[in-house]
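*Asks:* Coordinates in start.csv, CSV, C-alpha atoms, are listed below.
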```
chain,number,residue,atom,x,y,z
A,1,MET,CA,9.6,10.4,-79.9
A,2,THR,CA,11.0,13.7,-81.0
A,3,HIS,CA,8.5,14.3,-83.9
A,4,SER,CA,5.5,14.1,-81.6
A,5,ASN,CA,6.3,17.6,-80.4
A,6,SER,CA,4.1,19.1,-83.0
A,7,LYS,CA,1.1,17.5,-81.4
A,8,LYS,CA,-0.7,19.5,-78.8
A,9,ALA,CA,-2.1,16.7,-76.6
A,10,ASP,CA,0.4,14.5,-74.7
A,11,GLN,CA,-1.8,11.5,-74.8
A,12,PRO,CA,-4.0,10.4,-77.7
A,13,GLY,CA,-6.7,9.0,-75.5
A,14,GLU,CA,-7.3,12.2,-73.5
A,15,THR,CA,-9.1,15.4,-74.2
A,16,PRO,CA,-6.7,18.3,-74.5
A,17,LEU,CA,-7.4,20.8,-71.8
A,18,ASP,CA,-8.3,24.4,-72.6
A,19,THR,CA,-5.3,26.8,-72.4
A,20,LYS,CA,-7.1,28.9,-69.8
A,21,VAL,CA,-7.6,25.8,-67.6
A,22,LEU,CA,-4.0,24.9,-68.0
A,23,ASP,CA,-3.0,28.4,-67.1
A,24,ALA,CA,-5.2,28.3,-64.0
A,25,ILE,CA,-3.6,25.0,-62.9
A,26,GLY,CA,-0.2,26.4,-63.5
A,27,ARG,CA,-1.0,29.5,-61.4
A,28,ALA,CA,-2.6,27.5,-58.6
A,29,LEU,CA,0.4,25.1,-58.5
A,30,LYS,CA,2.9,27.9,-58.3
A,31,ALA,CA,0.9,29.7,-55.6
A,32,HIS,CA,0.7,26.5,-53.6
A,33,TYR,CA,4.4,25.8,-54.0
A,34,ASP,CA,5.5,29.3,-53.3
A,35,ASP,CA,3.6,29.3,-50.0
A,36,LEU,CA,5.5,26.1,-49.0
A,37,VAL,CA,8.8,27.6,-50.1
A,38,LYS,CA,8.2,30.8,-48.1
A,39,ALA,CA,7.3,28.9,-44.9
A,40,PRO,CA,10.0,29.4,-42.3
A,41,LEU,CA,12.6,26.6,-42.0
A,42,PRO,CA,13.2,24.7,-38.7
A,43,GLU,CA,16.5,25.8,-37.1
A,44,ARG,CA,17.6,22.1,-36.9
A,45,PHE,CA,18.5,22.0,-40.6
A,46,LEU,CA,21.1,24.8,-40.2
A,47,ASP,CA,22.2,23.3,-36.9
A,48,LEU,CA,22.7,19.9,-38.6
A,49,LEU,CA,24.9,21.4,-41.4
A,50,ASP,CA,26.9,23.4,-38.8
A,51,SER,CA,27.6,20.3,-36.7
A,52,LEU,CA,28.5,18.3,-39.8
A,53,GLU,CA,31.0,21.0,-40.9
A,54,ILE,CA,32.5,21.2,-37.4
A,55,GLU,CA,32.9,17.5,-37.3
A,56,GLU,CA,34.6,17.3,-40.7
A,57,ARG,CA,37.0,20.1,-39.7
A,58,LYS,CA,37.8,18.4,-36.5
A,59,SER,CA,38.5,15.0,-38.0
A,60,LYS,CA,40.5,16.7,-40.8
A,61,GLY,CA,42.5,18.6,-38.2
A,62,ASP,CA,43.2,15.4,-36.3
A,63,ALA,CA,44.3,13.7,-39.5
A,64,ASP,CA,46.6,16.6,-40.4
A,65,ALA,CA,48.1,16.5,-36.9
A,66,ALA,CA,48.6,12.8,-37.0
A,67,GLY,CA,50.1,12.8,-40.6
B,23,MET,CA,35.4,17.1,-46.9
B,24,PRO,CA,32.9,19.0,-49.2
B,25,PRO,CA,34.1,22.4,-50.4
B,26,ALA,CA,33.0,25.3,-48.4
B,27,SER,CA,30.5,26.4,-51.1
B,28,PHE,CA,28.7,23.0,-50.8
B,29,LYS,CA,27.2,24.0,-47.5
B,30,ASP,CA,25.9,27.3,-48.8
B,31,ASP,CA,24.5,25.6,-51.9
B,32,LEU,CA,22.6,23.1,-49.7
B,33,ILE,CA,21.3,26.0,-47.6
B,34,ALA,CA,20.1,27.7,-50.7
B,35,GLU,CA,18.1,24.6,-51.7
B,36,MET,CA,16.6,23.9,-48.3
B,37,SER,CA,13.3,25.7,-48.9
B,38,SER,CA,12.7,24.0,-52.2
B,39,LEU,CA,13.7,20.7,-50.7
B,40,ARG,CA,11.2,21.1,-47.9
B,41,ALA,CA,8.4,22.3,-50.3
B,42,PHE,CA,9.0,19.2,-52.4
B,43,ALA,CA,9.0,17.0,-49.3
B,44,VAL,CA,5.7,18.4,-48.0
B,45,SER,CA,4.1,18.0,-51.4
B,46,LEU,CA,5.3,14.4,-51.6
B,47,CYS,CA,4.4,13.1,-48.2
B,48,GLY,CA,1.6,15.4,-47.1
B,49,SER,CA,2.9,15.9,-43.6
B,50,ALA,CA,5.1,18.8,-42.3
B,51,SER,CA,6.8,16.7,-39.6
B,52,VAL,CA,7.5,13.7,-41.9
B,53,ALA,CA,8.8,16.2,-44.5
B,54,ASP,CA,11.2,17.7,-41.9
B,55,ASP,CA,12.6,14.2,-41.1
B,56,LEU,CA,13.0,13.6,-44.9
B,57,VAL,CA,14.8,16.8,-45.4
B,58,GLN,CA,17.1,16.1,-42.4
B,59,GLU,CA,18.0,12.7,-43.8
B,60,THR,CA,18.5,14.1,-47.3
B,61,LEU,CA,20.9,16.7,-46.0
B,62,LEU,CA,22.8,14.1,-44.1
B,63,ARG,CA,23.1,11.8,-47.1
B,64,ALA,CA,24.0,14.6,-49.4
B,65,TRP,CA,26.7,15.7,-47.1
B,66,SER,CA,28.2,12.3,-46.9
B,67,LYS,CA,27.9,11.6,-50.6
B,68,TRP,CA,28.9,15.1,-51.8
B,69,ASP,CA,31.6,13.7,-54.1
B,70,LYS,CA,28.9,11.8,-56.0
B,71,PHE,CA,27.3,15.1,-57.1
B,72,GLN,CA,28.4,16.0,-60.6
B,73,PRO,CA,29.3,19.7,-60.8
B,74,GLY,CA,27.5,21.5,-63.5
B,75,THR,CA,24.3,19.5,-63.1
B,76,SER,CA,21.4,20.6,-61.0
B,77,LEU,CA,21.9,20.3,-57.3
B,78,ARG,CA,18.2,20.7,-56.8
B,79,ALA,CA,17.5,17.7,-59.0
B,80,TRP,CA,20.2,15.7,-57.2
B,81,LEU,CA,18.7,16.5,-53.8
B,82,PHE,CA,15.2,15.8,-54.9
B,83,THR,CA,16.4,12.4,-56.2
B,84,ILE,CA,17.9,11.6,-52.8
B,85,LEU,CA,14.8,12.8,-50.9
B,86,ARG,CA,12.5,10.9,-53.1
B,87,ASN,CA,14.5,7.7,-52.7
B,88,ILE,CA,14.4,8.0,-49.0
B,89,TYR,CA,10.7,8.7,-49.1
B,90,TYR,CA,9.9,5.7,-51.2
B,91,SER,CA,12.2,3.3,-49.3
B,92,ASN,CA,11.4,4.4,-45.7
B,93,CYS,CA,8.3,6.4,-45.3
B,94,ARG,CA,5.7,5.5,-47.7
B,95,LYS,CA,3.6,3.2,-45.5
B,96,SER,CA,3.7,5.3,-42.4
B,97,VAL,CA,3.0,8.5,-44.4
B,98,ARG,CA,-0.1,7.1,-46.1
B,99,GLU,CA,-1.9,7.1,-42.7
B,100,VAL,CA,-1.1,10.8,-42.1
B,101,GLN,CA,-2.1,11.8,-45.5
B,102,ASP,CA,-5.8,11.5,-45.0
B,103,SER,CA,-5.8,15.0,-43.5
B,104,ASP,CA,-7.0,16.1,-47.0
B,105,GLY,CA,-4.6,18.9,-47.7
B,106,ALA,CA,-4.8,20.4,-44.2
B,107,TYR,CA,-1.0,20.0,-43.9
B,108,ALA,CA,-0.3,22.7,-46.5
B,109,GLN,CA,-2.7,25.1,-44.8
B,110,ARG,CA,-0.7,24.9,-41.6
B,111,MET,CA,2.5,25.9,-43.4
B,112,VAL,CA,1.1,28.9,-45.2
B,113,VAL,CA,2.7,32.2,-44.4
B,114,PRO,CA,0.1,34.5,-42.9
B,115,GLY,CA,-1.0,37.6,-44.8
B,116,ASP,CA,-0.3,36.0,-48.2
B,117,GLN,CA,-3.6,34.4,-49.0
B,118,GLU,CA,-5.8,37.2,-50.3
B,119,SER,CA,-4.8,36.7,-54.0
B,120,HIS,CA,-5.7,33.0,-54.2
B,121,VAL,CA,-9.3,32.4,-53.3
B,122,ASP,CA,-9.5,28.9,-54.7
B,123,LEU,CA,-6.2,27.7,-53.4
B,124,GLU,CA,-7.7,25.6,-50.5
B,125,ASP,CA,-9.9,23.7,-53.0
B,126,PHE,CA,-6.9,23.3,-55.2
B,127,ARG,CA,-4.8,21.9,-52.3
B,128,LYS,CA,-7.4,19.4,-51.5
B,129,ALA,CA,-7.7,18.2,-55.1
B,130,LEU,CA,-3.9,18.0,-55.2
B,131,ALA,CA,-3.7,15.9,-52.0
B,132,ARG,CA,-6.2,13.4,-53.6
B,133,LEU,CA,-4.0,12.7,-56.6
B,134,PRO,CA,-1.9,9.5,-56.6
B,135,VAL,CA,1.6,10.4,-55.3
B,136,GLU,CA,3.2,9.4,-58.7
B,137,GLN,CA,1.1,12.1,-60.4
B,138,ARG,CA,1.4,14.7,-57.7
B,139,GLU,CA,5.2,14.5,-57.6
B,140,VAL,CA,5.4,15.0,-61.4
B,141,LEU,CA,3.0,18.0,-61.3
B,142,ILE,CA,5.0,19.6,-58.5
B,143,LEU,CA,8.4,18.9,-60.1
B,144,VAL,CA,7.6,20.1,-63.6
B,145,GLY,CA,4.8,22.6,-62.8
B,146,ALA,CA,6.2,24.4,-59.8
B,147,SER,CA,9.7,23.5,-58.6
B,148,GLY,CA,11.6,24.6,-61.8
B,149,VAL,CA,12.8,21.1,-62.7
B,150,SER,CA,12.9,20.2,-66.4
B,151,TYR,CA,11.2,17.2,-68.0
B,152,GLU,CA,14.6,15.5,-68.4
B,153,GLU,CA,15.4,16.1,-64.7
B,154,ALA,CA,12.0,15.0,-63.6
B,155,ALA,CA,12.5,11.7,-65.6
B,156,ALA,CA,15.8,11.2,-63.9
B,157,ILE,CA,14.5,12.0,-60.5
B,158,CYS,CA,11.6,9.5,-60.8
B,159,GLY,CA,13.6,6.9,-62.7
B,160,VAL,CA,11.2,6.8,-65.7
B,161,GLU,CA,11.1,7.9,-69.3
B,162,ILE,CA,10.2,11.4,-70.3
B,163,GLY,CA,7.1,10.0,-72.0
B,164,THR,CA,5.9,8.6,-68.7
B,165,ILE,CA,6.5,12.0,-67.1
B,166,LYS,CA,4.3,13.6,-69.8
B,167,SER,CA,1.5,11.1,-69.5
B,168,ARG,CA,1.5,11.4,-65.7
B,169,LEU,CA,1.4,15.1,-66.0
B,170,SER,CA,-1.5,14.9,-68.4
B,171,ARG,CA,-3.4,12.5,-66.2
B,172,ALA,CA,-2.8,14.6,-63.1
B,173,ARG,CA,-4.1,17.8,-64.8
B,174,SER,CA,-7.2,16.0,-66.1
B,175,GLN,CA,-7.9,14.6,-62.7
B,176,LEU,CA,-7.5,18.0,-61.0
B,177,VAL,CA,-9.8,19.6,-63.5
B,178,THR,CA,-12.4,16.9,-62.9
B,179,THR,CA,-12.1,17.1,-59.1
B,180,LEU,CA,-12.3,20.9,-59.2
B,181,GLY,CA,-15.1,21.0,-61.8
B,182,TRP,CA,-13.0,23.5,-63.8
B,183,SER,CA,-13.6,22.0,-67.2
B,184,GLU,CA,-17.3,22.5,-67.0
B,185,ASN,CA,-16.9,26.1,-65.8
B,186,ALA,CA,-14.5,26.9,-68.6
B,187,GLN,CA,-16.8,25.3,-71.1
B,188,ALA,CA,-19.8,27.2,-69.7
B,189,GLN,CA,-17.9,30.5,-69.8
B,190,LEU,CA,-16.8,29.8,-73.3
B,191,GLU,CA,-20.4,29.1,-74.4
B,192,ARG,CA,-21.7,32.3,-72.8
B,193,LYS,CA,-19.0,34.3,-74.6
B,194,ILE,CA,-19.9,32.7,-77.9
B,195,ARG,CA,-23.6,33.5,-77.3
B,196,ARG,CA,-22.8,37.0,-76.4
B,197,ALA,CA,-20.7,37.5,-79.5
B,198,GLY,CA,-23.4,36.1,-81.7
```
Now that the file is in, can you turn its structure into structure tokens?
*Replies:*
Amino acid sequence: MTHSNSKKADQPGETPLDTKVLDAIGRALKAHYDDLVKAPLPERFLDLLDSLEIEERKSKGDADAAG
Amino acid sequence: MPPASFKDDLIAEMSSLRAFAVSLCGSASVADDLVQETLLRAWSKWDKFQPGTSLRAWLFTILRNIYYSNCRKSVREVQDSDGAYAQRMVVPGDQESHVDLEDFRKALARLPVEQREVLILVGASGVSYEEAAAICGVEIGTIKSRLSRARSQLVTTLGWSENAQAQLERKIRRAG
């Protein structure tokens, strides 16, 4: 497995893609993904984590008080 | 209870998690449910996370498992929107630089999910080959071959290889 690193193509049966084409795919992928990452997050994710934290604190507090 | 930093670490990964979810399932609303369930599961299993390893990779693994076990069938019906999902989520005013991005998204949406997820993981989300292999539960060789097939398929769908070839030939002619 490790010595196949020197070969350019990943698969013997496939035509290796031009470097420019690979770059273009890479750029488009990043642009696509960056748009998704930059999209505003719904409030409910933060609300969920807040409520989980409060719940944990409460149950921990109860346990401490009981113990 | 998870350490206080765990919540902040989860918050820091939420955007990536959602981007991965949307890329995987092709629907913003299904993606949100996936992220929500992933956060819940991550919170309850925080002690299973090995410090020093990638939290992102761990969260992606959880999300992907939930997706494949729960949502795959229902998601497939939504997915036929042909990449329209991503368009809805684009931040306004940030599109001028990528003219061909819509075509690219459509081509991406047509890939089999096994290929698309690898392309997104390795090509965009900053996950290593090793982590991608662990996330998908396959060998690194499989990741590489899926990546290679995904790229070839994209190039075919987009007609990029012919363009590149034609450009190259023009350049050669001009040089001669």
*Asks:* Quote the spacing between atom CA of Ala79 of chain B and atom CA of Leu62 of chain B in Å to one decimal place.
*Replies:*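 Distance between the two atoms: 16.2 Å.
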*Asks:* Counting only C-alpha atoms, which residue out of B:Ala41, B:Leu56, B:Ala50, B:Ile88 sits closest to chain A?
*Replies:*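 The shortest atom-to-atom distance to chain A comes from B:Ala41.
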*Asks:* Take atom CA of Lys30 of chain A and atom CA of Ser150 of chain B and report the distance between them in Å, one decimal.
*Replies:*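 Going from atom CA of Lys30 of chain A over to atom CA of Ser150 of chain B covers 15.0 Å.
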*Asks:* To one decimal in Å, tell me the separation between atom CA of Ile33 of chain B and atom CA of Leu46 of chain A.
*Replies:*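 If I compute the distance from atom CA of Ile33 of chain B to atom CA of Leu46 of chain A, I get 7.5 Å.
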*Asks:* Using all atoms listed in the file, find each residue in chain A having at least one atom no more than 8 Å away from chain B; report its shortest atom-to-atom pair and that distance in Å (one decimal), rows by chain then rising number, as a Markdown table.
*Replies:*
```
| residue | atom | partner | partner_atom | distance |
| --- | --- | --- | --- | --- |
| A:Asp10 | CA | B:Ser167 | CA | 6.3 |
| A:Gln11 | CA | B:Ser167 | CA | 6.3 |
| A:Leu17 | CA | B:Ser174 | CA | 7.5 |
| A:Asp18 | CA | B:Ala186 | CA | 7.8 |
| A:Lys20 | CA | B:Ala186 | CA | 7.8 |
| A:Val21 | CA | B:Trp182 | CA | 7.0 |
| A:Leu22 | CA | B:Arg173 | CA | 7.8 |
| A:Ile25 | CA | B:Arg173 | CA | 7.5 |
| A:Gly26 | CA | B:Gly145 | CA | 6.3 |
| A:Ala28 | CA | B:Leu123 | CA | 6.3 |
| A:Leu29 | CA | B:Ala146 | CA | 6.0 |
| A:Lys30 | CA | B:Ala146 | CA | 5.0 |
| A:Ala31 | CA | B:His120 | CA | 7.5 |
| A:His32 | CA | B:Leu123 | CA | 7.0 |
| A:Tyr33 | CA | B:Ala146 | CA | 6.2 |
| A:Asp35 | CA | B:Val112 | CA | 5.4 |
| A:Leu36 | CA | B:Ala41 | CA | 5.0 |
| A:Val37 | CA | B:Ser37 | CA | 5.0 |
| A:Lys38 | CA | B:Val113 | CA | 6.8 |
| A:Ala39 | CA | B:Val113 | CA | 5.7 |
| A:Leu41 | CA | B:Ser37 | CA | 7.0 |
| A:Pro42 | CA | B:Asp54 | CA | 8.0 |
| A:Phe45 | CA | B:Gln58 | CA | 6.3 |
| A:Leu46 | CA | B:Ile33 | CA | 7.5 |
| A:Leu48 | CA | B:Gln58 | CA | 7.8 |
| A:Leu49 | CA | B:Lys29 | CA | 7.0 |
| A:Leu52 | CA | B:Trp65 | CA | 8.0 |
| A:Glu56 | CA | B:Met23 | CA | 6.3 |
| A:Arg57 | CA | B:Met23 | CA | 8.0 |
| A:Lys60 | CA | B:Met23 | CA | 8.0 |
```
*Asks:* Between B:Arg132, B:Gly181, B:Thr75, B:Asp69, which is the closest to Glu152 of chain B once you count only C-alpha atoms?
*Replies:*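 Closest to Glu152 of chain B, using only C-alpha atoms: B:Thr75.
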*Asks:* Near Phe71 of chain B, within 10 Å and counting only C-alpha atoms, which residues show up once chain neighbours fewer than 6 positions away are dropped, as a list of chain:residue names?
*Replies:*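 Here the qualifying residues turn out to be B:Ala64, B:Leu77, B:Trp80, B:Leu81.
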*Asks:* How would segment 5-64 of chain A look written as a short mmCIF file (atom, residue, chain, number, x, y, z; two decimals), in the first residue's frame with C-alpha atoms?
*Replies:*
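The result, stored in result-v3.cif:
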```cif
data_model
loop_
_atom_site.label_atom_id
_atom_site.label_comp_id
_atom_site.auth_asym_id
_atom_site.auth_seq_id
_atom_site.Cartn_x
_atom_site.Cartn_y
_atom_site.Cartn_z
CA ASN A 5 2.40 6.78 -3.26
CA SER A 6 4.82 7.49 -6.06
CA LYS A 7 2.11 6.78 -8.64
CA LYS A 8 0.06 9.75 -9.74
CA ALA A 9 -3.26 8.04 -10.51
CA ASP A 10 -5.16 6.47 -7.64
CA GLN A 11 -6.74 3.81 -9.80
CA PRO A 12 -4.98 1.99 -12.61
CA GLY A 13 -8.16 1.75 -14.70
CA GLU A 14 -8.91 5.46 -14.75
CA THR A 15 -7.46 8.28 -16.78
CA PRO A 16 -5.56 10.65 -14.50
CA LEU A 17 -7.20 14.08 -14.49
CA ASP A 18 -5.41 17.20 -15.60
CA THR A 19 -3.97 19.22 -12.69
CA LYS A 20 -5.97 22.27 -13.79
CA VAL A 21 -9.18 20.24 -13.73
CA LEU A 22 -8.33 18.89 -10.28
CA ASP A 23 -7.68 22.45 -9.08
CA ALA A 24 -10.99 23.61 -10.52
CA ILE A 25 -12.83 20.81 -8.72
CA GLY A 26 -11.02 21.64 -5.50
CA ARG A 27 -11.92 25.33 -5.76
CA ALA A 28 -15.55 24.65 -6.61
CA LEU A 29 -15.86 22.17 -3.75
CA LYS A 30 -14.44 24.67 -1.27
CA ALA A 31 -16.67 27.46 -2.57
CA HIS A 32 -19.72 25.21 -2.29
CA TYR A 33 -18.78 24.07 1.21
CA ASP A 34 -17.82 27.54 2.44
CA ASP A 35 -21.24 28.82 1.43
CA LEU A 36 -22.83 26.09 3.52
CA VAL A 37 -20.53 26.76 6.48
CA LYS A 38 -21.31 30.49 6.34
CA ALA A 39 -25.07 29.96 6.29
CA PRO A 40 -26.68 31.16 9.53
CA LEU A 41 -27.38 28.43 12.08
CA PRO A 42 -30.85 27.86 13.50
CA GLU A 43 -31.26 29.11 17.08
CA ARG A 44 -32.49 25.72 18.18
CA PHE A 45 -29.00 24.19 18.20
CA LEU A 46 -27.76 26.65 20.80
CA ASP A 47 -31.03 26.36 22.72
CA LEU A 48 -30.60 22.61 22.81
CA LEU A 49 -27.07 22.79 24.21
CA ASP A 50 -28.16 25.41 26.77
CA SER A 51 -31.01 23.23 27.99
CA LEU A 52 -28.78 20.14 28.13
CA GLU A 53 -26.28 22.05 30.23
CA ILE A 54 -28.96 23.39 32.58
CA GLU A 55 -30.43 19.90 32.97
CA GLU A 56 -27.02 18.42 33.80
CA ARG A 57 -26.32 21.16 36.34
CA LYS A 58 -29.68 20.63 37.96
CA SER A 59 -29.34 16.87 38.25
CA LYS A 60 -25.77 17.27 39.51
CA GLY A 61 -26.97 19.79 42.07
CA ASP A 62 -29.71 17.38 43.18
CA ALA A 63 -27.22 14.56 43.51
CA ASP A 64 -24.83 16.74 45.53
#
```
